[in-house]
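**Q** This is the content of input03.txt (compact mmCIF, C-alpha atoms and all ligand atoms):
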# COMPACT_ATOMS: atom_id res chain seq x y z
CA MET Z 42 173.02 32.62 85.09
CA SER Z 43 172.01 29.05 84.43
CA THR Z 44 171.67 26.98 87.62
CA SER Z 45 173.32 23.88 86.16
CA ALA Z 46 176.62 23.65 84.33
CA PHE Z 47 178.46 21.23 82.10
CA LEU Z 48 181.87 21.23 80.48
CA LYS Z 49 182.62 19.37 77.27
CA MET Z 50 186.12 19.47 75.87
CA PRO Z 51 188.16 17.79 73.17
CA ASN Z 52 189.67 14.55 74.51
CA SER Z 53 193.31 15.73 74.54
CA ILE Z 54 194.76 19.21 74.12
CA TYR Z 55 198.43 20.07 73.78
CA ALA Z 56 199.91 23.58 73.72
CA GLY Z 57 203.50 24.44 72.88
CA THR Z 58 205.68 23.77 69.87
CA ASP Z 59 206.77 20.64 67.98
CA LEU Z 60 203.44 19.01 68.78
CA THR Z 61 203.17 16.82 65.69
CA LYS Z 62 204.59 13.86 67.60
CA HIS Z 63 201.40 13.75 69.70
CA LEU Z 64 199.47 12.55 66.65
CA ASP Z 65 200.99 9.19 67.39
CA GLU Z 66 198.77 8.60 70.43
CA LEU Z 67 195.62 8.82 68.31
CA ILE Z 68 196.91 7.19 65.13
CA LYS Z 69 198.09 4.07 66.91
CA LEU Z 70 194.56 3.50 68.29
CA GLN Z 71 193.03 3.36 64.80
CA THR Z 72 192.52 0.16 62.85
CA ASN Z 73 192.51 2.28 59.70
CA GLN Z 74 195.56 4.58 60.03
CA LYS Z 75 195.17 6.38 56.69
CA VAL Z 76 194.85 10.13 57.19
CA LEU Z 77 192.82 12.78 55.41
CA LEU Z 78 194.92 15.93 55.77
CA PHE Z 79 192.36 18.71 55.47
CA THR Z 80 193.49 22.28 54.88
CA ASP Z 81 193.19 25.25 52.49
CA LYS Z 82 195.45 26.81 49.92
CA GLY Z 83 196.41 29.77 52.16
CA ILE Z 84 197.72 27.40 54.82
CA GLU Z 85 199.62 25.38 52.26
CA ALA Z 86 201.16 28.49 50.69
CA ASN Z 87 202.48 29.44 54.12
CA HIS Z 88 204.06 25.98 54.54
CA LEU Z 89 202.09 25.19 57.66
CA VAL Z 90 201.24 21.75 56.31
CA ASP Z 91 204.89 20.80 55.73
CA PRO Z 92 205.72 19.54 59.26
CA LEU Z 93 202.69 17.23 59.14
CA ILE Z 94 203.72 15.81 55.76
CA THR Z 95 207.28 15.30 57.00
CA TYR Z 96 205.89 13.46 60.01
CA PHE Z 97 203.56 11.23 57.97
CA GLU Z 98 206.32 10.36 55.53
CA HIS Z 99 208.79 9.63 58.30
CA GLU Z 100 206.26 7.40 60.09
CA GLY Z 101 205.15 5.68 56.88
CA ILE Z 102 201.55 6.86 57.31
CA THR Z 103 199.43 7.04 54.17
CA TYR Z 104 197.79 10.45 53.77
CA GLN Z 105 195.79 12.42 51.24
CA VAL Z 106 195.76 16.22 51.17
CA GLU Z 107 192.47 18.02 50.52
CA ASP Z 108 192.86 21.80 50.15
CA GLU Z 109 189.83 22.95 48.11
CA ILE Z 110 187.79 24.46 50.94
CA LYS Z 111 187.06 28.18 50.60
CA PRO Z 112 186.74 30.68 53.48
CA GLU Z 113 183.30 30.80 55.13
CA PRO Z 114 182.07 27.69 53.27
CA SER Z 115 178.51 26.91 52.27
CA TYR Z 116 176.90 23.58 53.07
CA VAL Z 117 176.89 22.88 49.32
CA GLN Z 118 180.69 23.22 49.21
CA VAL Z 119 181.11 20.98 52.25
CA ASP Z 120 178.85 18.39 50.63
CA ALA Z 121 180.85 18.50 47.38
CA LEU Z 122 184.08 17.98 49.32
CA LEU Z 123 182.52 15.12 51.24
CA GLN Z 124 181.74 13.37 47.95
CA LYS Z 125 185.28 14.00 46.76
CA VAL Z 126 187.13 12.82 49.88
CA SER Z 127 184.85 9.82 50.28
CA GLN Z 128 186.64 8.27 47.30
CA PHE Z 129 189.68 8.01 49.55
CA ASP Z 130 189.83 5.39 52.28
CA PHE Z 131 190.75 7.20 55.52
CA GLY Z 132 190.33 6.46 59.23
CA LEU Z 133 191.37 9.81 60.71
CA ILE Z 134 190.97 13.49 59.77
CA VAL Z 135 193.77 15.91 60.60
CA ALA Z 136 192.57 19.46 59.95
CA ILE Z 137 194.95 22.42 59.94
CA GLY Z 138 193.56 25.89 59.28
CA GLY Z 139 191.18 28.55 60.51
CA GLY Z 140 187.54 28.14 61.39
CA SER Z 141 186.53 27.49 57.78
CA VAL Z 142 188.81 24.46 57.50
CA MET Z 143 188.02 23.15 60.97
CA ASP Z 144 184.24 23.52 60.63
CA ALA Z 145 184.21 21.68 57.31
CA ALA Z 146 186.46 18.95 58.73
CA LYS Z 147 184.26 18.56 61.80
CA LEU Z 148 181.24 18.10 59.53
CA ILE Z 149 183.07 15.53 57.41
CA SER Z 150 183.90 13.66 60.63
CA LEU Z 151 180.14 13.30 61.16
CA LEU Z 152 179.13 12.67 57.54
CA ARG Z 153 181.70 10.32 56.04
CA GLY Z 154 179.92 7.00 55.45
CA ALA Z 155 176.84 8.10 57.43
CA ASP Z 156 173.28 7.37 56.33
CA TYR Z 157 172.24 11.02 56.76
CA THR Z 158 173.22 14.10 54.74
CA ILE Z 159 174.37 17.58 55.63
CA GLN Z 160 170.86 18.84 54.81
CA ASP Z 161 169.53 16.36 57.39
CA LEU Z 162 171.93 17.82 59.98
CA ILE Z 163 170.74 21.34 59.19
CA GLN Z 164 167.21 20.12 59.94
CA ASN Z 165 168.10 18.07 63.00
CA ALA Z 166 171.68 17.74 64.22
CA SER Z 167 170.72 15.42 67.09
CA ILE Z 168 170.90 12.46 64.67
CA ALA Z 169 174.65 13.00 64.17
CA LYS Z 170 177.18 10.34 65.21
CA LYS Z 171 180.91 10.70 64.84
CA GLN Z 172 182.09 8.48 61.98
CA VAL Z 173 185.79 9.36 61.90
CA PRO Z 174 188.01 10.67 64.72
CA SER Z 175 189.45 14.13 64.20
CA VAL Z 176 192.44 16.29 65.06
CA MET Z 177 192.15 20.09 64.94
CA ILE Z 178 195.15 22.39 64.56
CA PRO Z 179 194.08 26.07 64.50
CA THR Z 180 196.07 28.61 62.48
CA THR Z 181 194.03 31.73 63.29
CA THR Z 182 193.57 33.32 66.70
CA GLY Z 183 189.84 33.41 66.55
CA THR Z 184 187.07 30.96 66.13
CA GLY Z 185 187.93 28.45 68.83
CA SER Z 186 186.28 25.92 66.51
CA GLU Z 187 188.82 23.38 67.81
CA ALA Z 188 186.88 23.44 71.09
CA THR Z 189 183.29 24.00 70.00
CA ILE Z 190 180.37 21.74 69.22
CA ASN Z 191 179.43 24.01 66.32
CA ALA Z 192 180.14 24.12 62.63
CA ILE Z 193 178.99 27.21 60.77
CA VAL Z 194 177.94 26.98 57.14
CA THR Z 195 176.45 29.48 54.74
CA ILE Z 196 173.05 28.60 53.32
CA PRO Z 197 173.29 30.24 49.89
CA GLU Z 198 169.60 30.05 49.00
CA LYS Z 199 168.76 32.01 52.18
CA GLN Z 200 171.94 34.11 52.17
CA VAL Z 201 172.55 33.43 55.86
CA LYS Z 202 174.93 31.51 58.02
CA PHE Z 203 173.74 28.63 60.13
CA GLY Z 204 175.28 26.81 63.08
CA ILE Z 205 175.05 23.02 63.12
CA VAL Z 206 175.44 22.00 66.76
CA SER Z 207 176.40 18.53 67.94
CA GLY Z 208 178.63 17.32 70.76
CA GLU Z 209 179.65 14.49 68.43
CA MET Z 210 181.91 16.85 66.48
CA LEU Z 211 184.20 17.65 69.39
CA PRO Z 212 187.71 16.74 68.24
CA ASP Z 213 189.69 13.86 69.68
CA LEU Z 214 192.94 15.79 69.74
CA VAL Z 215 193.82 19.51 69.55
CA LEU Z 216 197.29 20.92 68.94
CA LEU Z 217 197.75 24.61 69.84
CA ASP Z 218 201.11 25.40 68.27
CA VAL Z 219 202.17 29.05 68.19
CA ASN Z 220 204.31 28.34 65.12
CA ASN Z 221 201.07 28.13 63.16
CA VAL Z 222 200.12 31.74 63.97
CA LYS Z 223 203.57 33.35 63.84
CA LYS Z 224 203.05 34.56 60.27
CA LEU Z 225 199.30 35.08 60.44
CA PRO Z 226 198.71 38.37 58.56
CA LYS Z 227 197.81 41.31 60.81
CA SER Z 228 194.34 41.85 59.38
CA ILE Z 229 193.32 38.19 59.86
CA LEU Z 230 194.89 38.15 63.32
CA ALA Z 231 192.90 41.24 64.29
CA ALA Z 232 189.54 40.12 62.91
CA SER Z 233 189.82 36.59 64.26
CA ALA Z 234 190.92 37.77 67.73
CA VAL Z 235 187.98 40.20 67.93
CA ASP Z 236 185.74 37.26 67.01
CA ALA Z 237 187.28 35.35 69.95
CA LEU Z 238 186.78 38.35 72.24
CA SER Z 239 183.13 38.52 71.23
CA HIS Z 240 182.79 34.80 72.05
CA CYS Z 241 184.13 35.49 75.55
CA VAL Z 242 182.08 38.62 76.22
CA GLU Z 243 178.86 37.23 74.75
CA CYS Z 244 179.21 33.99 76.72
CA TYR Z 245 179.95 35.94 79.91
CA THR Z 246 176.84 38.09 79.45
CA SER Z 247 174.57 35.33 78.16
CA LYS Z 248 171.37 34.17 79.81
CA ASN Z 249 172.91 30.74 79.45
CA ALA Z 250 176.16 31.61 81.26
CA THR Z 251 177.30 29.04 83.81
CA ILE Z 252 179.95 28.84 86.51
CA PHE Z 253 182.21 27.07 84.01
CA SER Z 254 181.61 29.37 81.07
CA ASN Z 255 182.07 32.47 83.22
CA ASP Z 256 185.48 31.45 84.54
CA ILE Z 257 186.68 30.33 81.13
CA ALA Z 258 185.27 33.31 79.21
CA ALA Z 259 186.81 35.76 81.69
CA ILE Z 260 190.27 34.19 81.27
CA GLY Z 261 189.88 34.19 77.50
CA ALA Z 262 188.82 37.86 77.50
CA ARG Z 263 191.81 38.79 79.67
CA TYR Z 264 194.25 37.05 77.34
CA ILE Z 265 192.83 38.91 74.36
CA PHE Z 266 192.50 42.34 75.95
CA GLN Z 267 196.05 42.14 77.30
CA ASN Z 268 197.70 40.91 74.11
CA LEU Z 269 195.82 41.85 70.96
CA VAL Z 270 197.18 45.35 70.43
CA THR Z 271 200.73 44.20 71.22
CA ALA Z 272 200.46 41.27 68.81
CA TYR Z 273 199.01 43.57 66.16
CA GLN Z 274 201.70 46.24 66.50
CA ASP Z 275 204.69 43.97 67.03
CA GLU Z 276 204.48 41.11 64.57
CA ASP Z 277 207.50 39.40 66.14
CA ASN Z 278 205.98 39.18 69.60
CA VAL Z 279 205.47 35.43 69.80
CA ALA Z 280 204.31 35.45 73.43
CA ALA Z 281 201.43 37.80 72.54
CA ARG Z 282 200.41 35.59 69.62
CA GLU Z 283 200.53 32.51 71.83
CA ALA Z 284 198.30 34.27 74.38
CA LEU Z 285 195.77 35.00 71.60
CA LEU Z 286 195.80 31.37 70.51
CA LEU Z 287 194.94 30.40 74.10
CA GLY Z 288 192.33 33.14 74.38
CA ALA Z 289 190.66 31.89 71.21
CA PHE Z 290 190.67 28.33 72.53
CA TYR Z 291 189.06 29.45 75.81
CA GLY Z 292 186.48 31.38 73.80
CA GLY Z 293 185.60 28.12 72.05
CA VAL Z 294 185.31 26.23 75.34
CA ALA Z 295 183.07 29.01 76.66
CA ILE Z 296 180.82 28.70 73.58
CA THR Z 297 180.39 24.99 74.23
CA ALA Z 298 179.56 25.64 77.89
CA SER Z 299 177.27 28.59 77.21
CA GLY Z 300 176.84 30.12 73.74
CA THR Z 301 177.03 33.40 71.90
CA THR Z 302 174.16 35.89 71.73
CA ALA Z 303 173.01 38.93 69.76
CA VAL Z 304 176.34 40.05 68.27
CA HIS Z 305 176.59 36.76 66.42
CA ALA Z 306 172.86 36.69 65.59
CA LEU Z 307 173.03 40.06 63.84
CA SER Z 308 176.40 39.22 62.31
CA TYR Z 309 175.26 36.10 60.43
CA PRO Z 310 173.19 37.91 57.75
CA LEU Z 311 176.18 40.18 57.03
CA GLY Z 312 178.39 37.15 56.48
CA GLY Z 313 175.74 35.16 54.61
CA LYS Z 314 174.78 37.79 52.05
CA PHE Z 315 177.71 40.20 51.85
CA HIS Z 316 180.51 37.70 52.59
CA ILE Z 317 182.00 39.97 55.21
CA ALA Z 318 184.62 37.99 57.15
CA HIS Z 319 183.10 36.65 60.35
CA GLY Z 320 185.44 38.53 62.70
CA VAL Z 321 184.83 41.79 60.85
CA SER Z 322 181.04 41.52 60.92
CA ASN Z 323 181.20 40.83 64.67
CA ALA Z 324 183.54 43.78 65.20
CA VAL Z 325 181.10 46.08 63.38
CA LEU Z 326 178.30 45.12 65.78
CA PHE Z 327 180.16 44.48 69.02
CA LYS Z 328 179.96 47.92 70.68
CA GLN Z 329 176.43 48.65 69.45
CA VAL Z 330 174.97 45.38 70.73
CA MET Z 331 176.72 45.67 74.10
CA THR Z 332 175.44 49.25 74.42
CA PHE Z 333 171.91 48.04 73.65
CA ASN Z 334 172.28 45.22 76.21
CA LYS Z 335 173.98 47.36 78.85
CA ASP Z 336 171.10 47.90 81.25
CA ALA Z 337 170.40 44.14 81.35
CA ILE Z 338 174.03 43.01 81.72
CA MET Z 339 175.46 45.74 83.96
CA PRO Z 340 176.71 43.43 86.77
CA GLN Z 341 178.36 41.08 84.27
CA LEU Z 342 180.12 43.89 82.42
CA ALA Z 343 181.24 45.38 85.75
CA ASN Z 344 182.59 42.04 87.01
CA LEU Z 345 184.40 41.46 83.75
CA THR Z 346 185.97 44.93 84.02
CA ASP Z 347 187.21 44.15 87.54
CA PHE Z 348 188.67 40.83 86.39
CA VAL Z 349 190.31 42.01 83.17
CA PHE Z 350 191.31 45.52 84.29
CA PRO Z 351 191.88 45.19 88.06
CA ASP Z 352 193.48 48.65 88.18
CA ASN Z 353 190.41 50.39 86.77
CA GLN Z 354 189.43 53.45 88.77
CA GLN Z 355 185.68 53.18 88.21
CA ASP Z 356 183.58 53.31 91.37
CA SER Z 357 180.08 52.36 90.25
CA GLU Z 358 178.60 49.42 88.38
CA VAL Z 359 177.45 51.64 85.55
CA SER Z 360 180.84 53.29 85.12
CA LYS Z 361 182.52 49.85 85.06
CA ALA Z 362 180.05 48.69 82.41
CA ASP Z 363 180.72 51.82 80.36
CA PHE Z 364 184.45 51.23 80.79
CA MET Z 365 184.17 47.70 79.37
CA ILE Z 366 182.15 48.91 76.36
CA ALA Z 367 184.69 51.69 75.76
CA LYS Z 368 187.54 49.13 75.91
CA ILE Z 369 185.74 46.99 73.32
CA ALA Z 370 185.38 49.99 71.00
CA ASP Z 371 189.02 50.99 71.60
CA ILE Z 372 190.43 47.59 70.74
CA VAL Z 373 188.41 47.32 67.51
CA GLU Z 374 189.72 50.75 66.52
CA ALA Z 375 193.31 50.04 67.58
CA VAL Z 376 193.53 47.02 65.28
CA ALA Z 377 191.99 48.95 62.38
CA ILE Z 378 189.03 46.71 61.64
CA PRO Z 379 186.78 48.52 59.15
CA THR Z 380 183.46 49.24 60.84
CA ASP Z 381 181.68 51.22 58.14
CA LEU Z 382 179.26 48.82 56.53
CA LYS Z 383 178.85 50.95 53.40
CA GLN Z 384 182.29 49.91 52.21
CA PHE Z 385 181.03 46.32 52.03
CA GLY Z 386 178.15 47.34 49.79
CA VAL Z 387 175.51 47.20 52.52
CA THR Z 388 172.92 49.99 52.32
CA LEU Z 389 169.67 50.96 54.00
CA ALA Z 390 167.87 49.15 51.17
CA ASP Z 391 169.15 45.89 52.73
CA LEU Z 392 167.57 46.66 56.09
CA ASP Z 393 164.51 44.41 55.78
CA PHE Z 394 166.61 41.46 54.68
CA LEU Z 395 169.03 41.99 57.58
CA ILE Z 396 166.29 42.31 60.18
CA ASP Z 397 164.24 39.33 58.96
CA SER Z 398 167.31 37.20 58.77
CA ALA Z 399 168.69 38.18 62.18
CA LEU Z 400 165.34 37.57 63.87
CA GLN Z 401 165.48 33.98 62.61
CA GLN Z 402 168.66 33.34 64.65
CA THR Z 403 166.57 32.26 67.63
CA ARG Z 404 169.23 29.76 68.83
CA LEU Z 405 171.40 32.78 69.68
CA LEU Z 406 168.79 35.46 70.41
CA ASP Z 407 167.05 33.28 72.99
CA HIS Z 408 170.21 33.50 75.12
CA ASN Z 409 170.55 37.26 74.86
CA MET Z 410 169.80 38.78 78.25
CA LYS Z 411 167.53 41.39 76.67
CA VAL Z 412 164.74 40.54 74.24
CA LEU Z 413 165.27 42.23 70.86
CA SER Z 414 162.15 43.50 69.13
CA ARG Z 415 162.11 44.10 65.39
CA GLU Z 416 162.53 47.79 66.10
CA ASP Z 417 165.55 47.14 68.34
CA VAL Z 418 167.25 45.10 65.61
CA GLU Z 419 166.46 47.82 63.09
CA ASN Z 420 167.92 50.52 65.34
CA ILE Z 421 171.15 48.56 65.81
CA TYR Z 422 171.57 48.03 62.07
CA ARG Z 423 170.72 51.67 61.37
CA SER Z 424 173.37 52.77 63.85
CA ILE Z 425 176.08 50.99 61.85
CA LEU Z 426 174.69 52.03 58.47
CA SER Z 427 174.52 55.76 58.98
N1 LIG F 501 182.75 26.49 64.81
C1 LIG F 501 182.71 27.56 65.53
O1 LIG F 501 182.47 27.50 66.72
C2 LIG F 501 182.99 28.89 64.89
C3 LIG F 501 183.10 30.03 65.69
C4 LIG F 501 183.34 31.24 65.05
C5 LIG F 501 183.47 31.30 63.68
N2 LIG F 501 183.33 30.17 62.93
C6 LIG F 501 183.46 30.19 61.46
O2 LIG F 501 184.84 30.16 61.13
C7 LIG F 501 185.02 30.81 59.85
C8 LIG F 501 186.07 31.87 59.95
O3 LIG F 501 187.29 31.30 60.35
P1 LIG F 501 188.63 32.16 60.58
O4 LIG F 501 188.29 33.51 61.05
O5 LIG F 501 189.52 31.33 61.41
O6 LIG F 501 189.21 32.34 59.10
P2 LIG F 501 189.25 31.35 57.85
O7 LIG F 501 189.44 29.95 58.26
O8 LIG F 501 188.06 31.65 56.99
O9 LIG F 501 190.58 31.83 57.12
C9 LIG F 501 190.63 33.12 56.50
C10 LIG F 501 191.84 33.18 55.58
O10 LIG F 501 193.03 33.18 56.37
C11 LIG F 501 193.99 32.28 55.82
N3 LIG F 501 194.82 31.84 56.93
C12 LIG F 501 194.42 31.13 58.01
N4 LIG F 501 195.46 30.93 58.83
C13 LIG F 501 196.54 31.51 58.26
C14 LIG F 501 197.91 31.63 58.64
N5 LIG F 501 198.37 31.16 59.82
N6 LIG F 501 198.75 32.26 57.81
C15 LIG F 501 198.31 32.78 56.63
N7 LIG F 501 197.01 32.71 56.22
C16 LIG F 501 196.14 32.07 57.03
C17 LIG F 501 193.15 31.18 55.19
O11 LIG F 501 193.89 30.53 54.18
C18 LIG F 501 191.96 31.98 54.64
O12 LIG F 501 192.24 32.46 53.35
C19 LIG F 501 183.66 31.38 59.48
O13 LIG F 501 182.99 30.53 58.59
C20 LIG F 501 182.94 31.44 60.81
O14 LIG F 501 181.54 31.45 60.68
C21 LIG F 501 183.13 28.97 63.52
ZN ZN F 502 182.34 33.84 66.09
Output the file's structure as structure tokens, nothing else.
Ligand SMILES: NC(=O)c1ccc[n+]([C@@H]2O[C@H](COP(=O)([O-])OP(=O)(O)OC[C@H]3O[C@@H](n4cnc5c(N)ncnc54)[C@H](O)[C@@H]3O)[C@@H](O)[C@H]2O)c1
Ligand SMILES: [Zn+2]

**A**
Amino acid sequence: MSTSAFLKMPNSIYAGTDLTKHLDELIKLQTNQKVLLFTDKGIEANHLVDPLITYFEHEGITYQVEDEIKPEPSYVQVDALLQKVSQFDFGLIVAIGGGSVMDAAKLISLLRGADYTIQDLIQNASIAKKQVPSVMIPTTTGTGSEATINAIVTIPEKQVKFGIVSGEMLPDLVLLDVNNVKKLPKSILAASAVDALSHCVECYTSKNATIFSNDIAAIGARYIFQNLVTAYQDEDNVAAREALLLGAFYGGVAITASGTTAVHALSYPLGGKFHIAHGVSNAVLFKQVMTFNKDAIMPQLANLTDFVFPDNQQDSEVSKADFMIAKIADIVEAVAIPTDLKQFGVTLADLDFLIDSALQQTRLLDHNMKVLSREDVENIYRSILS
């Protein structure tokens, strides 16, 4: 565990329902009160944008809707949208959507009117300065992007995903409204919540874990373990969905305080080349990577078992660690996430690409408690390809 700790959070966070009114506290501080309402077509089709539009119209606030962003966006797509939205004069970004929408919006908050480009940020994100304040309203139960200092983009020419990291992109206001996840389709709920669970477990078992990230990741993991299967099976269980929204948020806070490790490192090439949804590619790898790491993270897995499953009957550290890994495998299976990579068109012929690409994710691999050799990475990929 790291000997020093820090906690960075969005400025204000509200949870509950009917939260739109809280936009007022940020809007009234702006000299330019025109809003860029950033979303995607799936969110619009589900009418999640409507309460915001009603609010803006009622308050007489000028707004422009931008809904062209695609899931798992590339930096090229974000750049094209930046050029498009820059034709509109806005002083605040309100983003409503999953991680794809929020990540793109966070980048636009750094890039709009700046004298650097998104390519510059990929090279060196420390030059970033927030240009426009931002509001994040998540509609999936997964990425925690509303609380992270990361934005993930695909780099098409390398067929990988890349995390741009800057504290400047932390939002000014976050609204966690369960109404936005009430109709989230089961498959997206499941994949995004397993993504959030992997954030919590990876942060808890990271070399970079801190006192803050441990407490927060453990609470996030407990919310997700206790509620995911219920939320998946009973689509009307609002309390379970709300718990997942909180668990995802805590996962994001834990990422900012610590950071994910080898599950995400090996997952990025699967998303970058084969466009497997982020939560699904993490789910595929989750058990295998934790099994590989087990001997180096035994106390952490055991402590997490005691915290999340206080009634567990295990009596040794190793049996508690095994119990946690079994629970991870069980939950992925219970929510029916496909874990056979062949169905996504990935074959053994892709092995060299996957290994080379994963080994380049040093930002994440450096925090994995166990060093991964080329052979280790190969063995993990082989285990999910056979
Ligand atoms: N910034 C971070 O810290 C971070 C962390 C993890 C993942 N990510 C990134 O986030 C992206 C994935 O985000 P995601 O899993 O939230 O999914 P997403 O944003 O890609 O959305 C997936 C689909 O779900 C639809 N959708 C979202 N909410 C809905 C709702 N309530 N009802 C109906 N449809 C809805 C969207 O329209 C979209 O078609 C990836 O690019 C991933 O790399 C970022
Ligand atoms: Zn993730």

**Q** Identify, counting only C-alpha atoms and all ligand atoms, the protein, DNA and RNA residues located within 8 Å of ligand ZN 502 (chain F), and give them as a list in words.

**A** Gly183, Thr184, Asp236, Ala237, Ser239, His240, Thr301, His305, His319, Gly320 and Asn323 of chain Z

**Q** Select the residues contacting ligand LIG 501 (chain F) at a distance of at most 7 Å, based on only C-alpha atoms and all ligand atoms, then format the selection as a CSV table (one decimal) with C-alpha atoms, keeping the file's coordinate frame.

**A**
chain,number,residue,atom,x,y,z
Z,81,ASP,CA,193.2,25.2,52.5
Z,82,LYS,CA,195.4,26.8,49.9
Z,83,GLY,CA,196.4,29.8,52.2
Z,84,ILE,CA,197.7,27.4,54.8
Z,87,ASN,CA,202.5,29.4,54.1
Z,112,PRO,CA,186.7,30.7,53.5
Z,113,GLU,CA,183.3,30.8,55.1
Z,114,PRO,CA,182.1,27.7,53.3
Z,138,GLY,CA,193.6,25.9,59.3
Z,139,GLY,CA,191.2,28.6,60.5
Z,140,GLY,CA,187.5,28.1,61.4
Z,141,SER,CA,186.5,27.5,57.8
Z,142,VAL,CA,188.8,24.5,57.5
Z,144,ASP,CA,184.2,23.5,60.6
Z,180,THR,CA,196.1,28.6,62.5
Z,181,THR,CA,194.0,31.7,63.3
Z,182,THR,CA,193.6,33.3,66.7
Z,183,GLY,CA,189.8,33.4,66.6
Z,184,THR,CA,187.1,31.0,66.1
Z,185,GLY,CA,187.9,28.4,68.8
Z,186,SER,CA,186.3,25.9,66.5
Z,189,THR,CA,183.3,24.0,70.0
Z,190,ILE,CA,180.4,21.7,69.2
Z,191,ASN,CA,179.4,24.0,66.3
Z,192,ALA,CA,180.1,24.1,62.6
Z,193,ILE,CA,179.0,27.2,60.8
Z,194,VAL,CA,177.9,27.0,57.1
Z,221,ASN,CA,201.1,28.1,63.2
Z,222,VAL,CA,200.1,31.7,64.0
Z,223,LYS,CA,203.6,33.4,63.8
Z,224,LYS,CA,203.0,34.6,60.3
Z,225,LEU,CA,199.3,35.1,60.4
Z,226,PRO,CA,198.7,38.4,58.6
Z,229,ILE,CA,193.3,38.2,59.9
Z,232,ALA,CA,189.5,40.1,62.9
Z,233,SER,CA,189.8,36.6,64.3
Z,236,ASP,CA,185.7,37.3,67.0
Z,293,GLY,CA,185.6,28.1,72.0
Z,318,ALA,CA,184.6,38.0,57.2
Z,319,HIS,CA,183.1,36.6,60.4
Z,320,GLY,CA,185.4,38.5,62.7

**Q** Excluding Lys199 (chain Z) and its own-chain neighbours fewer than 5 positions away, which residues fall within 12 Å of it when counting only C-alpha atoms? Please give them as a list in words.

**A**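 Residues meeting the cut-off are Ser115, Tyr116, Val194, Tyr309, Pro310, Gly312, Gly313, Lys314, Phe394, Leu395, Asp397, Ser398, Ala399 and Gln401 of chain Z.
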
**Q** Using all atoms listed in the file, which residues sit within 12 Å of region 59-70 of chain Z once same-chain residues fewer than 6 positions away are excluded, as a ChimeraX atom specification?

**A** /Z:52-53,76-77,89-97,99-104,131-137,173-178,212-221

**Q** Separation of CA of Leu78 (chain Z) and CA of Ser228 (chain Z), in Å?

**A**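 Distance between the two atoms: 26.2 Å.
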
**Q** Mind pulling up the distance from CA of Ser247 (chain Z) to CA of His408 (chain Z)?

**A**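 Taking CA of His408 (chain Z) as the start and CA of Ser247 (chain Z) as the end point, the length is 5.6 Å.
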
**Q** Taking 3 positions as the minimum chain separation for residues in the same chain, which residues sit within 8 Å of Arg263 (chain Z) when counting only C-alpha atoms? Answer as a VMD selection string.

**A** chain Z and resid 259 to 260 266 to 267 288 348 to 349

**Q** If you count only C-alpha atoms, which residues fall within 8 Å of Met50 (chain Z), apart from same-chain ones fewer than 3 positions away, as a list in words?

**A**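 Here the answer would be Ala188, Thr189, Leu211 and Val294 of chain Z.
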
**Q** Calculate how many Å separate CA of Ser360 (chain Z) from CA of Thr346 (chain Z), rounding to one decimal.

**A**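 So the answer is 9.9 Å.
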
**Q** Between Z:Tyr273, Z:Leu286, Z:Ala298, Z:Leu413, which one has atoms that come closest to Thr251 (chain Z), using all atoms listed in the file?

**A**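 Nearest to Thr251 (chain Z): Z:Ala298.
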
**Q** Of the candidates Z:Arg404, Z:Lys335, Z:Lys171, Z:Lys328, which shows the shortest atom-to-atom distance to Ala367 (chain Z), using all atoms listed in the file?

**A**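 Once distances to Ala367 (chain Z) are computed over all atoms listed in the file, the minimum belongs to Z:Lys328.
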